[in-house]
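Containing mmCIF, C-alpha atoms: query26.cif.
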data_run
#
loop_
_atom_site.label_atom_id
_atom_site.label_comp_id
_atom_site.auth_asym_id
_atom_site.auth_seq_id
_atom_site.Cartn_x
_atom_site.Cartn_y
_atom_site.Cartn_z
CA MET A 85 270.28 106.15 65.89
CA SER A 86 271.24 108.40 62.99
CA MET A 87 274.63 110.01 63.54
CA ASP A 88 274.25 112.64 60.83
CA SER A 89 270.84 114.21 61.36
CA PHE A 90 268.30 115.18 64.00
CA LYS A 91 265.86 112.46 63.03
CA PHE A 92 264.09 110.90 65.99
CA GLU A 93 263.31 107.20 66.23
CA PRO A 94 261.22 106.37 69.34
CA SER A 95 263.24 103.19 69.89
CA ASP A 96 266.32 105.40 70.51
CA ASP A 97 264.86 106.28 73.90
CA PHE A 98 265.26 102.72 75.12
CA LEU A 99 268.79 101.86 74.04
CA PRO A 100 270.93 100.00 76.62
CA LEU A 101 273.61 101.79 78.62
CA SER A 102 276.44 100.38 76.51
CA ALA A 103 274.91 101.88 73.37
CA LEU A 104 274.34 105.22 75.08
CA HIS A 105 277.98 105.30 76.20
CA SER A 106 279.20 104.62 72.64
CA ILE A 107 276.96 107.35 71.24
CA GLN A 108 278.17 109.91 73.77
CA GLU A 109 281.81 109.04 73.24
CA ARG A 110 281.57 109.42 69.47
CA TYR A 111 279.72 112.72 69.69
CA LEU A 112 282.12 113.98 72.36
CA ARG A 113 285.08 113.40 70.07
CA GLU A 114 283.32 115.14 67.19
CA HIS A 115 282.40 117.98 69.54
CA LEU A 116 285.96 118.45 70.80
CA ALA A 117 287.35 118.38 67.25
CA TYR A 118 284.81 120.98 66.13
CA CYS A 119 285.55 123.23 69.11
CA ARG A 120 289.30 123.08 68.55
CA LYS A 121 288.94 123.88 64.86
CA HIS A 122 286.28 126.61 64.95
CA SER A 123 286.12 128.18 68.44
CA PRO A 124 288.83 130.76 69.27
CA TRP A 125 288.43 130.02 72.98
CA TYR A 126 288.76 126.26 72.71
CA ARG A 127 291.43 126.42 70.03
CA LYS A 128 293.76 127.50 72.83
CA THR A 129 292.22 125.32 75.54
CA LEU A 130 292.40 122.10 73.50
CA LYS A 131 295.70 122.82 71.76
CA GLU A 132 297.53 119.93 73.43
CA ILE A 133 294.59 117.49 73.54
CA GLU A 134 294.36 114.52 71.16
CA VAL A 135 290.65 114.91 70.54
CA GLU A 136 290.28 112.23 67.84
CA HIS A 137 290.54 109.39 70.39
CA PHE A 138 289.54 111.22 73.57
CA PRO A 139 287.67 108.83 75.92
CA LEU A 140 284.45 109.75 77.66
CA ASN A 141 285.82 108.72 81.05
CA ARG A 142 288.52 111.43 80.84
CA LEU A 143 286.10 114.31 80.33
CA GLY A 144 286.84 115.50 83.88
CA GLU A 145 290.44 116.27 82.87
CA LEU A 146 289.30 119.16 80.67
CA PRO A 147 288.85 122.63 82.21
CA THR A 148 285.37 123.92 82.96
CA THR A 149 283.82 126.98 81.30
CA SER A 150 281.96 129.50 83.46
CA LYS A 151 279.20 131.94 82.62
CA ASP A 152 281.67 134.71 83.45
CA HIS A 153 283.98 133.47 80.67
CA LEU A 154 281.11 133.49 78.22
CA ALA A 155 279.81 136.91 79.24
CA ALA A 156 283.24 138.55 79.22
CA ASP A 157 284.09 137.62 75.62
CA PRO A 158 281.21 136.04 73.68
CA GLU A 159 283.00 136.51 70.34
CA ALA A 160 285.75 134.15 71.54
CA PHE A 161 283.14 131.37 71.75
CA LEU A 162 281.51 132.03 68.37
CA ALA A 163 282.42 129.05 66.18
CA ALA A 164 280.48 129.93 63.04
CA PRO A 165 280.28 132.97 60.76
CA TRP A 166 277.45 135.41 61.42
CA SER A 167 276.03 134.46 58.03
CA ASP A 168 275.17 131.06 59.56
CA VAL A 169 273.45 132.55 62.61
CA GLU A 170 269.64 132.35 62.54
CA ASP A 171 268.72 133.51 66.03
CA VAL A 172 270.30 135.47 68.88
CA VAL A 173 269.27 134.62 72.43
CA PHE A 174 269.93 136.29 75.77
CA SER A 175 270.00 134.26 78.94
CA SER A 176 267.56 135.33 81.64
CA GLY A 177 270.17 137.30 83.58
CA THR A 178 268.69 136.60 87.03
CA THR A 179 272.18 136.41 88.58
CA GLY A 180 274.04 138.99 86.53
CA GLU A 181 274.39 140.45 83.05
CA PRO A 182 272.61 138.41 80.36
CA CYS A 183 274.82 136.34 78.09
CA ARG A 184 274.45 136.63 74.32
CA ILE A 185 274.13 133.25 72.60
CA ALA A 186 274.16 132.82 68.81
CA TYR A 187 272.18 129.90 67.36
CA THR A 188 272.95 128.66 63.84
CA GLY A 189 270.43 126.93 61.58
CA ASN A 190 271.85 123.63 62.81
CA ASP A 191 271.28 124.72 66.41
CA MET A 192 267.66 125.63 65.69
CA LYS A 193 267.06 122.17 64.21
CA ARG A 194 268.75 120.69 67.27
CA LEU A 195 266.49 122.78 69.52
CA ALA A 196 263.37 121.46 67.81
CA TYR A 197 264.70 117.88 68.01
CA ASN A 198 265.46 118.27 71.73
CA GLU A 199 261.96 119.51 72.55
CA LEU A 200 260.33 116.92 70.29
CA ARG A 201 262.00 114.18 72.30
CA CYS A 202 261.06 115.86 75.59
CA PHE A 203 257.39 116.25 74.64
CA HIS A 204 257.28 112.70 73.30
CA ALA A 205 258.73 111.36 76.55
CA ALA A 206 256.10 113.31 78.51
CA GLY A 207 253.36 111.54 76.59
CA LEU A 208 252.33 114.22 74.10
CA THR A 209 251.33 113.20 70.55
CA ARG A 210 250.41 114.90 67.29
CA GLU A 211 246.79 114.86 68.49
CA ASP A 212 247.56 117.36 71.27
CA ARG A 213 246.75 121.06 71.36
CA VAL A 214 249.45 122.77 73.43
CA LEU A 215 248.89 126.16 75.07
CA LEU A 216 252.18 128.06 75.39
CA THR A 217 252.07 130.70 78.16
CA CYS A 218 255.70 131.77 77.66
CA THR A 219 256.95 134.62 75.50
CA LEU A 220 258.49 134.22 72.05
CA ASP A 221 259.90 137.73 71.94
CA ARG A 222 262.69 139.79 73.61
CA CYS A 223 265.44 137.35 72.58
CA PHE A 224 264.05 134.75 74.99
CA VAL A 225 264.56 131.15 73.90
CA ALA A 226 261.98 129.18 75.92
CA GLY A 227 258.88 130.12 73.95
CA MET A 228 260.69 129.56 70.66
CA ALA A 229 262.04 126.20 71.81
CA TYR A 230 258.67 124.87 72.94
CA TYR A 231 256.97 126.15 69.79
CA LEU A 232 259.54 124.40 67.59
CA GLY A 233 259.17 121.22 69.63
CA VAL A 234 255.38 121.22 69.40
CA ARG A 235 255.55 121.68 65.65
CA ALA A 236 258.25 118.99 65.25
CA LEU A 237 255.96 116.65 67.17
CA GLY A 238 253.14 117.47 64.76
CA ALA A 239 250.88 118.84 67.49
CA ALA A 240 249.02 122.15 67.39
CA ALA A 241 250.71 125.12 69.07
CA ILE A 242 248.56 127.79 70.73
CA ARG A 243 250.94 130.75 71.16
CA ASN A 244 249.09 132.90 73.67
CA GLY A 245 252.36 133.84 75.41
CA LEU A 246 252.63 136.09 78.46
CA ASN A 247 249.03 137.21 78.53
CA SER A 248 246.29 138.00 81.03
CA ILE A 249 244.30 135.42 82.94
CA GLU A 250 241.21 136.50 81.01
CA SER A 251 242.94 135.92 77.70
CA HIS A 252 244.12 132.44 78.66
CA LEU A 253 240.68 131.45 79.98
CA GLN A 254 239.09 132.60 76.73
CA VAL A 255 241.60 130.56 74.73
CA MET A 256 240.88 127.54 76.90
CA ARG A 257 237.16 127.91 76.34
CA ASN A 258 237.51 128.30 72.58
CA LEU A 259 240.40 125.96 71.72
CA ARG A 260 240.26 123.35 74.50
CA PRO A 261 244.03 122.76 74.90
CA THR A 262 245.11 119.30 76.05
CA ALA A 263 248.44 120.43 77.52
CA VAL A 264 249.72 123.69 78.99
CA VAL A 265 253.35 124.86 79.14
CA GLY A 266 254.23 127.55 81.66
CA VAL A 267 255.85 128.71 84.88
CA PRO A 268 254.38 126.75 87.83
CA SER A 269 253.47 129.75 89.99
CA PHE A 270 251.56 131.27 87.06
CA LEU A 271 249.84 127.98 86.22
CA ARG A 272 248.74 127.71 89.85
CA HIS A 273 247.28 131.23 89.65
CA LEU A 274 245.60 130.41 86.34
CA GLY A 275 244.10 127.21 87.71
CA LEU A 276 242.79 128.87 90.88
CA GLU A 277 241.21 131.69 88.85
CA ALA A 278 239.65 129.15 86.51
CA ARG A 279 238.13 127.34 89.48
CA ALA A 280 236.88 130.57 91.03
CA ARG A 281 235.12 131.42 87.74
CA ASN A 282 233.83 127.88 87.20
CA ALA A 283 235.87 127.61 84.00
CA ASP A 284 236.12 124.16 82.44
CA LEU A 285 239.65 122.69 82.70
CA SER A 286 238.66 119.18 81.68
CA SER A 287 240.38 119.30 78.27
CA VAL A 288 243.84 119.64 79.86
CA ARG A 289 245.52 116.29 80.51
CA ARG A 290 249.03 117.38 81.56
CA LEU A 291 251.13 120.38 82.58
CA ILE A 292 254.71 121.01 81.39
CA CYS A 293 256.35 123.23 84.02
CA ILE A 294 259.29 125.51 83.22
CA GLY A 295 261.49 127.94 85.14
CA GLU A 296 260.66 126.74 88.68
CA PRO A 297 261.13 123.30 90.27
CA VAL A 298 258.03 121.34 91.28
CA ARG A 299 259.81 118.40 92.98
CA ASP A 300 261.86 117.91 96.12
CA GLU A 301 265.07 115.98 96.86
CA GLN A 302 263.12 112.69 96.89
CA LEU A 303 261.65 113.45 93.42
CA LYS A 304 258.23 113.82 95.03
CA LEU A 305 255.99 116.78 94.26
CA SER A 306 256.93 119.86 96.27
CA GLY A 307 254.31 122.03 97.91
CA LEU A 308 253.94 124.05 94.72
CA GLY A 309 253.83 120.91 92.58
CA ALA A 310 251.20 119.31 94.81
CA GLN A 311 249.05 122.43 94.57
CA LEU A 312 249.25 122.29 90.77
CA ALA A 313 248.27 118.63 90.73
CA ASP A 314 245.35 119.36 93.05
CA VAL A 315 244.06 122.40 91.17
CA TRP A 316 244.38 120.93 87.68
CA GLY A 317 243.94 117.23 88.50
CA VAL A 318 246.52 116.13 85.91
CA PRO A 319 250.15 114.89 85.81
CA VAL A 320 252.73 117.62 86.42
CA HIS A 321 255.98 117.36 84.43
CA SER A 322 259.08 119.29 85.44
CA THR A 323 261.72 120.52 82.98
CA TYR A 324 265.19 121.99 83.28
CA ALA A 325 266.80 124.10 80.56
CA SER A 326 269.46 126.71 79.92
CA SER A 327 269.92 129.10 77.01
CA GLU A 328 273.67 128.52 76.91
CA ILE A 329 273.48 124.75 76.48
CA VAL A 330 270.64 124.82 73.90
CA SER A 331 269.23 121.80 75.74
CA SER A 332 266.47 120.83 78.12
CA PHE A 333 265.67 117.81 80.28
CA CYS A 334 262.01 116.86 80.70
CA GLU A 335 260.25 114.31 82.84
CA CYS A 336 258.70 111.31 81.12
CA THR A 337 255.32 109.80 81.94
CA ALA A 338 256.82 108.35 85.15
CA THR A 339 257.51 111.96 86.37
CA CYS A 340 260.59 111.23 88.47
CA GLY A 341 263.42 113.39 87.12
CA GLY A 342 264.31 114.98 83.79
CA HIS A 343 265.79 112.56 81.26
CA LEU A 344 269.12 113.33 79.65
CA ILE A 345 269.08 113.02 75.85
CA PRO A 346 272.37 111.16 75.38
CA ASP A 347 273.21 112.36 71.87
CA LEU A 348 272.72 116.00 72.89
CA ALA A 349 274.45 116.44 76.24
CA ILE A 350 276.76 115.00 78.87
CA VAL A 351 275.98 116.01 82.46
CA GLU A 352 278.29 115.95 85.47
CA ILE A 353 277.65 116.89 89.10
CA LEU A 354 280.67 118.56 90.74
CA ASP A 355 281.45 119.59 94.30
CA GLU A 356 282.77 123.02 95.32
CA LYS A 357 286.33 121.97 94.40
CA GLY A 358 285.34 120.70 90.97
CA ASN A 359 285.45 117.00 91.84
CA PRO A 360 282.82 114.63 90.40
CA LEU A 361 280.16 113.44 92.82
CA PRO A 362 278.58 109.97 92.88
CA ASP A 363 274.98 109.17 92.05
CA GLY A 364 272.48 111.03 94.18
CA GLU A 365 275.00 113.47 95.70
CA ILE A 366 274.08 117.15 95.45
CA GLY A 367 276.40 119.56 93.61
CA GLU A 368 276.70 121.90 90.65
CA VAL A 369 275.23 120.87 87.31
CA VAL A 370 277.95 120.96 84.63
CA VAL A 371 276.89 120.30 81.04
CA THR A 372 278.79 119.55 77.83
CA PRO A 373 276.21 120.12 75.09
CA LEU A 374 276.87 118.08 71.94
CA ARG A 375 276.21 118.75 68.22
CA ILE A 376 276.16 122.55 68.54
CA THR A 377 277.80 124.70 65.84
CA GLY A 378 277.10 128.30 66.91
CA MET A 379 278.62 128.65 70.37
CA PRO A 380 279.67 125.15 71.47
CA LEU A 381 280.70 124.75 75.11
CA ILE A 382 282.75 122.24 77.07
CA ARG A 383 281.94 121.45 80.71
CA PHE A 384 279.75 124.54 81.17
CA GLN A 385 279.13 125.45 84.81
CA THR A 386 275.44 126.26 85.00
CA GLY A 387 275.61 127.48 88.61
CA ASP A 388 272.55 125.33 89.38
CA ILE A 389 272.53 122.82 92.24
CA SER A 390 271.01 119.37 91.74
CA PHE A 391 271.87 115.67 91.48
CA LEU A 392 271.85 112.82 88.96
CA THR A 393 270.39 109.34 89.21
CA HIS A 394 271.40 106.50 86.88
CA GLU A 395 268.84 104.01 88.17
CA PRO A 396 266.62 102.68 85.36
CA CYS A 397 263.40 104.63 85.12
CA ALA A 398 259.96 103.03 85.44
CA CYS A 399 259.31 104.15 81.86
CA GLY A 400 262.00 101.74 80.59
CA ARG A 401 264.66 104.30 79.67
CA PHE A 402 268.24 103.82 80.84
CA SER A 403 269.35 107.43 80.35
CA PRO A 404 270.42 109.36 83.47
CA ARG A 405 267.87 111.67 85.09
CA LEU A 406 268.45 115.10 86.55
CA GLY A 407 266.77 115.97 89.82
CA PRO A 408 265.07 119.29 90.64
CA ILE A 409 267.12 122.46 90.90
CA LEU A 410 267.61 122.94 94.62
CA GLY A 411 269.24 126.36 94.35
CA ARG A 412 271.88 128.47 92.68
CA ARG A 413 275.49 128.18 93.80
CA ALA A 414 275.69 131.98 93.97
CA GLN A 415 272.56 132.05 96.17
CA MET A 416 273.97 129.93 98.98
CA LEU A 417 273.32 131.67 102.30
CA LYS A 418 275.36 131.51 105.50
CA CYS A 419 273.33 132.75 108.44
CA ARG A 420 274.73 132.45 111.95
CA GLY A 421 276.71 129.34 111.05
CA THR A 422 273.89 127.67 109.13
CA THR A 423 274.09 127.09 105.37
CA LEU A 424 270.88 127.07 103.34
CA TYR A 425 269.47 127.88 99.93
CA PRO A 426 266.39 130.08 99.35
CA ARG A 427 264.63 126.99 98.00
CA VAL A 428 264.31 125.74 101.60
CA LEU A 429 262.29 128.82 102.49
CA ASN A 430 260.29 128.54 99.26
CA SER A 431 259.20 125.02 100.23
CA VAL A 432 257.47 126.47 103.30
CA LEU A 433 256.09 129.59 101.66
CA ASP A 434 254.68 127.72 98.65
CA ILE A 435 252.29 125.73 100.84
CA SER A 436 251.41 128.42 103.39
CA PRO A 437 247.69 129.13 102.95
CA GLU A 438 247.91 132.69 104.29
CA VAL A 439 250.54 133.72 101.69
CA ALA A 440 249.35 135.15 98.36
CA GLU A 441 252.84 136.07 97.08
CA TYR A 442 256.34 136.21 98.51
CA TYR A 443 260.00 136.85 97.88
CA VAL A 444 263.19 136.60 99.93
CA VAL A 445 265.76 139.38 100.42
CA ALA A 446 269.38 138.69 101.37
CA THR A 447 271.71 141.43 102.65
CA GLY A 448 275.06 141.50 104.44
CA GLU A 449 278.72 141.16 103.61
CA ASP A 450 281.73 138.90 104.14
CA LEU A 451 280.66 135.73 105.99
CA SER A 452 277.47 137.02 107.60
CA ASP A 453 274.19 137.04 105.68
CA HIS A 454 270.85 138.47 106.77
CA VAL A 455 267.64 137.06 105.32
CA GLU A 456 264.16 138.58 105.35
CA VAL A 457 260.95 137.10 103.95
CA ILE A 458 258.57 139.55 102.28
CA VAL A 459 254.96 138.41 101.94
CA ALA A 460 251.64 139.59 100.61
CA LEU A 461 248.90 138.02 102.72
CA ARG A 462 245.55 136.76 101.49
CA GLU A 463 244.02 138.64 104.42
CA PRO A 464 246.10 141.84 104.66
CA GLY A 465 247.10 142.79 108.18
CA SER A 466 246.68 139.34 109.70
CA SER A 467 249.32 137.75 111.92
CA THR A 468 252.54 136.27 110.48
CA GLU A 469 253.57 134.51 113.70
CA ALA A 470 252.49 131.05 112.56
CA LEU A 471 254.35 131.51 109.29
CA ALA A 472 257.52 132.60 111.11
CA ALA A 473 257.25 129.52 113.35
CA ARG A 474 257.01 127.19 110.34
CA LEU A 475 260.04 128.83 108.75
CA LYS A 476 262.03 128.38 111.97
CA ALA A 477 261.01 124.72 112.22
CA LYS A 478 262.23 124.12 108.67
CA CYS A 479 265.59 125.91 108.74
CA ARG A 480 266.25 126.32 112.51
CA LEU A 481 266.65 130.07 112.14
CA ASN A 482 264.53 133.02 113.19
CA ILE A 483 263.65 134.56 109.82
CA PRO A 484 262.00 138.01 109.95
CA VAL A 485 258.73 138.22 108.02
CA ARG A 486 257.50 141.56 106.66
CA GLU A 487 254.19 142.24 104.94
CA VAL A 488 253.73 144.31 101.76
CA SER A 489 250.77 144.80 99.45
CA LEU A 490 250.00 142.24 96.76
CA GLU A 491 250.73 144.84 94.08
CA GLU A 492 254.17 145.62 95.52
CA ALA A 493 255.06 141.95 95.84
CA ARG A 494 254.04 141.14 92.27
CA ARG A 495 255.88 144.20 90.96
CA GLN A 496 259.10 142.89 92.52
CA ILE A 497 258.58 139.27 91.52
CA PHE A 498 257.50 139.69 87.91
CA SER A 499 259.10 142.92 86.65
CA VAL A 500 262.83 142.18 87.02
CA SER A 501 263.14 139.13 84.76
CA ARG A 502 261.17 136.96 82.36
CA LYS A 503 261.04 134.39 85.14
CA PRO A 504 259.52 134.99 88.58
CA VAL A 505 262.25 136.41 90.83
CA ARG A 506 261.67 135.28 94.41
CA PHE A 507 265.22 135.83 95.66
CA LEU A 508 266.62 139.35 95.77
CA ASP A 509 270.37 139.26 96.48
CA LEU A 510 271.63 142.57 97.89
CA ARG A 511 274.76 141.14 99.52
CA LYS A 512 278.02 142.96 98.84
CA HIS A 513 279.67 139.60 98.22
CA HIS A 514 276.88 138.65 95.79
CA CYS A 515 278.98 136.51 93.39
CA ARG A 516 280.30 133.42 95.13
CA MET A 517 281.21 131.49 92.02
#

Please go through the file and, once you have read it, give me the structure as structure tokens.
Amino acid sequence: MSMDSFKFEPSDDFLPLSALHSIQERYLREHLAYCRKHSPWYRKTLKEIEVEHFPLNRLGELPTTSKDHLAADPEAFLAAPWSDVEDVVFSSGTTGEPCRIAYTGNDMKRLAYNELRCFHAAGLTREDRVLLTCTLDRCFVAGMAYYLGVRALGAAAIRNGLNSIESHLQVMRNLRPTAVVGVPSFLRHLGLEARARNADLSSVRRLICIGEPVRDEQLKLSGLGAQLADVWGVPVHSTYASSEIVSSFCECTATCGGHLIPDLAIVEILDEKGNPLPDGEIGEVVVTPLRITGMPLIRFQTGDISFLTHEPCACGRFSPRLGPILGRRAQMLKCRGTTLYPRVLNSVLDISPEVAEYYVVATGEDLSDHVEVIVALREPGSSTEALAARLKAKCRLNIPVREVSLEEARRQIFSVSRKPVRFLDLRKHHCRM
């Protein structure tokens, strides 16, 4: 593996664990040295640390960095002059004020390299035609990242972006894409509409899903993921990404967790007290992204809840895999002594045939939360009793269900953020970080 460039060799994906450890340790030391020299924030944090010989197994001794730190003083994290910055990105802001992230030219090359390796692992080749249904504008990084990755792979990018169903169906008729990248709930809608109109989906051979999980704790397809697989009849690949870490983790052809790219990131799973958790245990995803020059971070707390597995993958890779995002730490609910994440409710609502759209509203204060499920029904005015019973069976709570129109539901879900927002947090103690 080249240590000085973002040149991809396919054999790098199958290096043994000892080689991956050596690569990460070298890049970690370079990363810490760069942060201490160029980042005002880490110049103080790492002042007493001997970074030149810092071992990988002592990473947990360094302090974590939160999104609040980054949002409060982004200039303190800028480690390059503005003359080196090529792109400015804002995080999605679904849990607070968006963070401003500056990407240098180096970071843009790294972004393309990251997505190239992800697409390659998922089985895409230069012969593919990839339909991108995510935006490239409004300082949003996802569309740009996937476009750069498709081009680095040598495949054809079809940048139709956030467009109407009619527009996407026309593109599919005319250009016959072989892969589609998009948010799962939208891809489900697109597939169902295509079926209803007898549109030909046969050119598509895989879906790359972003922004929403499509797997459960056992790495099996969730209700939403199973619906996608049924509607499209192709493999469904899940990805995880974050604007702050300039990195993403995509499932390979075995589709059982997103592979870590060892020379780009180190991932830890921590409990509520900041202690590392063993393989398979659920906790907060904490990432140290490597080889970044714009706004490098150390032990960044994503706020996302998941788990790692280090078992060798069926594809032959030894790199760790990240499970699905099971919730946000700030979204944890405590209702009448029961702790749950909105994702538990989503797992029921996603596969409920009477539900056209839905979102969850949380209210309350202190230690008592109140949860209400808002639904738009496929047959407006029909009973919600069966749905309420399924929700109770899943979470052992009586969850109120209220009906709204399809237009009102979609206005709430799709107008607040670039991603579908299915959890509306109105609690007075909203931030539990």

Evaluate the PyMOL selection byres ((chain A and resi 228) around 12) and report residues as an MDAnalysis selection string: chainID A and resid 171:173 187 192:193 195:196 199 216:227 229:235 241 243 245 327 330

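Of the residues under consideration (A:Pro182, A:Arg480, A:Val135, A:Arg290), A:Arg290 shows the shortest atom-to-atom contact distance to Thr209 in chain A when counting all atoms listed in the file.
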
Given the PyMOL selection byres ((chain A and resi 268) around 10), the residues it picks as a count of residues only: 24

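For the pair CA of Leu246 in chain A and CA of Leu285 in chain A, the separation is 19.1 Å.
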
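By all atoms listed in the file, and with residues fewer than 3 positions from range 136-146 of chain A along its chain excluded, the set lying at most 10 Å from it is A:His105, A:Ser106, A:Gln108, A:Glu109, A:Arg110, A:Tyr111, A:Leu112, A:Arg113, A:Glu114, A:His115, A:Leu116, A:Ala117, A:Thr129, A:Leu130, A:Ile133, A:Thr149, A:Ile350, A:Glu352, A:Leu354, A:Gly358, A:Asn359, A:Pro360, A:Thr372, A:Ile382, A:Arg383.
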
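CA of Arg299 in chain A lies 22.0 Å from CA of Asn198 in chain A.
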
Just give me the gap between CA of Ser286 in chain A and CA of His321 in chain A in Å, one decimal is fine. 17.6 Å

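For the file shown, the residue list from the PyMOL selection byres ((chain A and resi 466-470) around 12) reads Val432, Leu433, Ser436, Pro437, Glu438, Val439, Val457, Ile458, Val459, Ala460, Leu461, Arg462, Glu463, Pro464, Gly465, Leu471, Ala472, Ala473, Arg474, Leu475, Lys476, Ala477, Asn482, Ile483, Pro484, Val485, Arg486, Glu487 and Val488 of chain A.
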
Give me the residues near range 399-403 of chain A as a PyMOL selection string, where near means some atom within 6 Å (using only C-alpha atoms) and where sequence neighbours in that chain fewer than 5 positions away do not count. chain A and resi 98+338+344

Residues within 7 Å of range 200-202 of chain A, please, as an mmCIF file with C-alpha atoms, in the coordinates of the input. Count only C-alpha atoms; anything in the same chain fewer than 3 positions from it doesn't count.
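Generated file (part_15.cif):
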data_model
loop_
_atom_site.group_PDB
_atom_site.id
_atom_site.type_symbol
_atom_site.label_atom_id
_atom_site.label_comp_id
_atom_site.auth_asym_id
_atom_site.auth_seq_id
_atom_site.Cartn_x
_atom_site.Cartn_y
_atom_site.Cartn_z
ATOM 1 C CA ALA A 196 263.370 121.460 67.810
ATOM 2 C CA TYR A 197 264.700 117.880 68.010
ATOM 3 C CA ALA A 205 258.730 111.360 76.550
ATOM 4 C CA ALA A 206 256.100 113.310 78.510
ATOM 5 C CA GLY A 233 259.170 121.220 69.630
ATOM 6 C CA VAL A 234 255.380 121.220 69.400
ATOM 7 C CA ALA A 236 258.250 118.990 65.250
ATOM 8 C CA LEU A 237 255.960 116.650 67.170
ATOM 9 C CA PHE A 333 265.670 117.810 80.280
ATOM 10 C CA CYS A 334 262.010 116.860 80.700
#

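With distances restricted to all atoms listed in the file, A:Gln385 is the closest residue to Glu356 in chain A from A:Thr339, A:Ser499, A:Gln385, A:Ser123.
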
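Using only C-alpha atoms, the smallest distance between any of A:Pro261, A:Pro319, A:Pro380, A:Gly407 and Leu303 in chain A comes from A:Gly407.
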
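Distance annotation: of A:Lys478, A:His454, A:Lys128, A:Arg412, the residue with the minimal separation from Leu429 in chain A is A:Lys478; atom set is only C-alpha atoms.
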
Excluding Pro408 in chain A and its own-chain neighbours fewer than 5 positions away, which residues fall within 10 Å of it when counting only C-alpha atoms? Please give them as a VMD selection string. chain A and resid 296 to 304 306 322 to 324 340 to 342 388 to 392

Within 9 Å of (275.1, 115.4, 68.9), all atoms listed in the file: residues as a PyMOL selection string? chain A and resi 87-90+107-108+110-112+114-115+194+346-349+373-376

Please identify all polymer residues within 7 Å of Gly378 in chain A, counting all atoms listed in the file, omitting same-chain residues fewer than 4 positions from it, and present them as a PyMOL selection string. chain A and resi 162-164+186-188+191

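With distances taken from (277.0, 121.6, 92.5) and restricted to all atoms listed in the file, the residues inside 6 Å are A:Ile353, A:Leu354, A:Asp355, A:Gly367, A:Glu368, A:Val369, A:Ile389.
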
Centre and edge lengths, as JSON, for the axis-aligned box enclosing every listed atom of range 227-234 of chain A with 5 Å of padding on each of the six sides, in Å to one decimal?
{"center_x": 258.7, "center_y": 125.7, "center_z": 70.8, "size_x": 16.7, "size_y": 18.9, "size_z": 16.4}
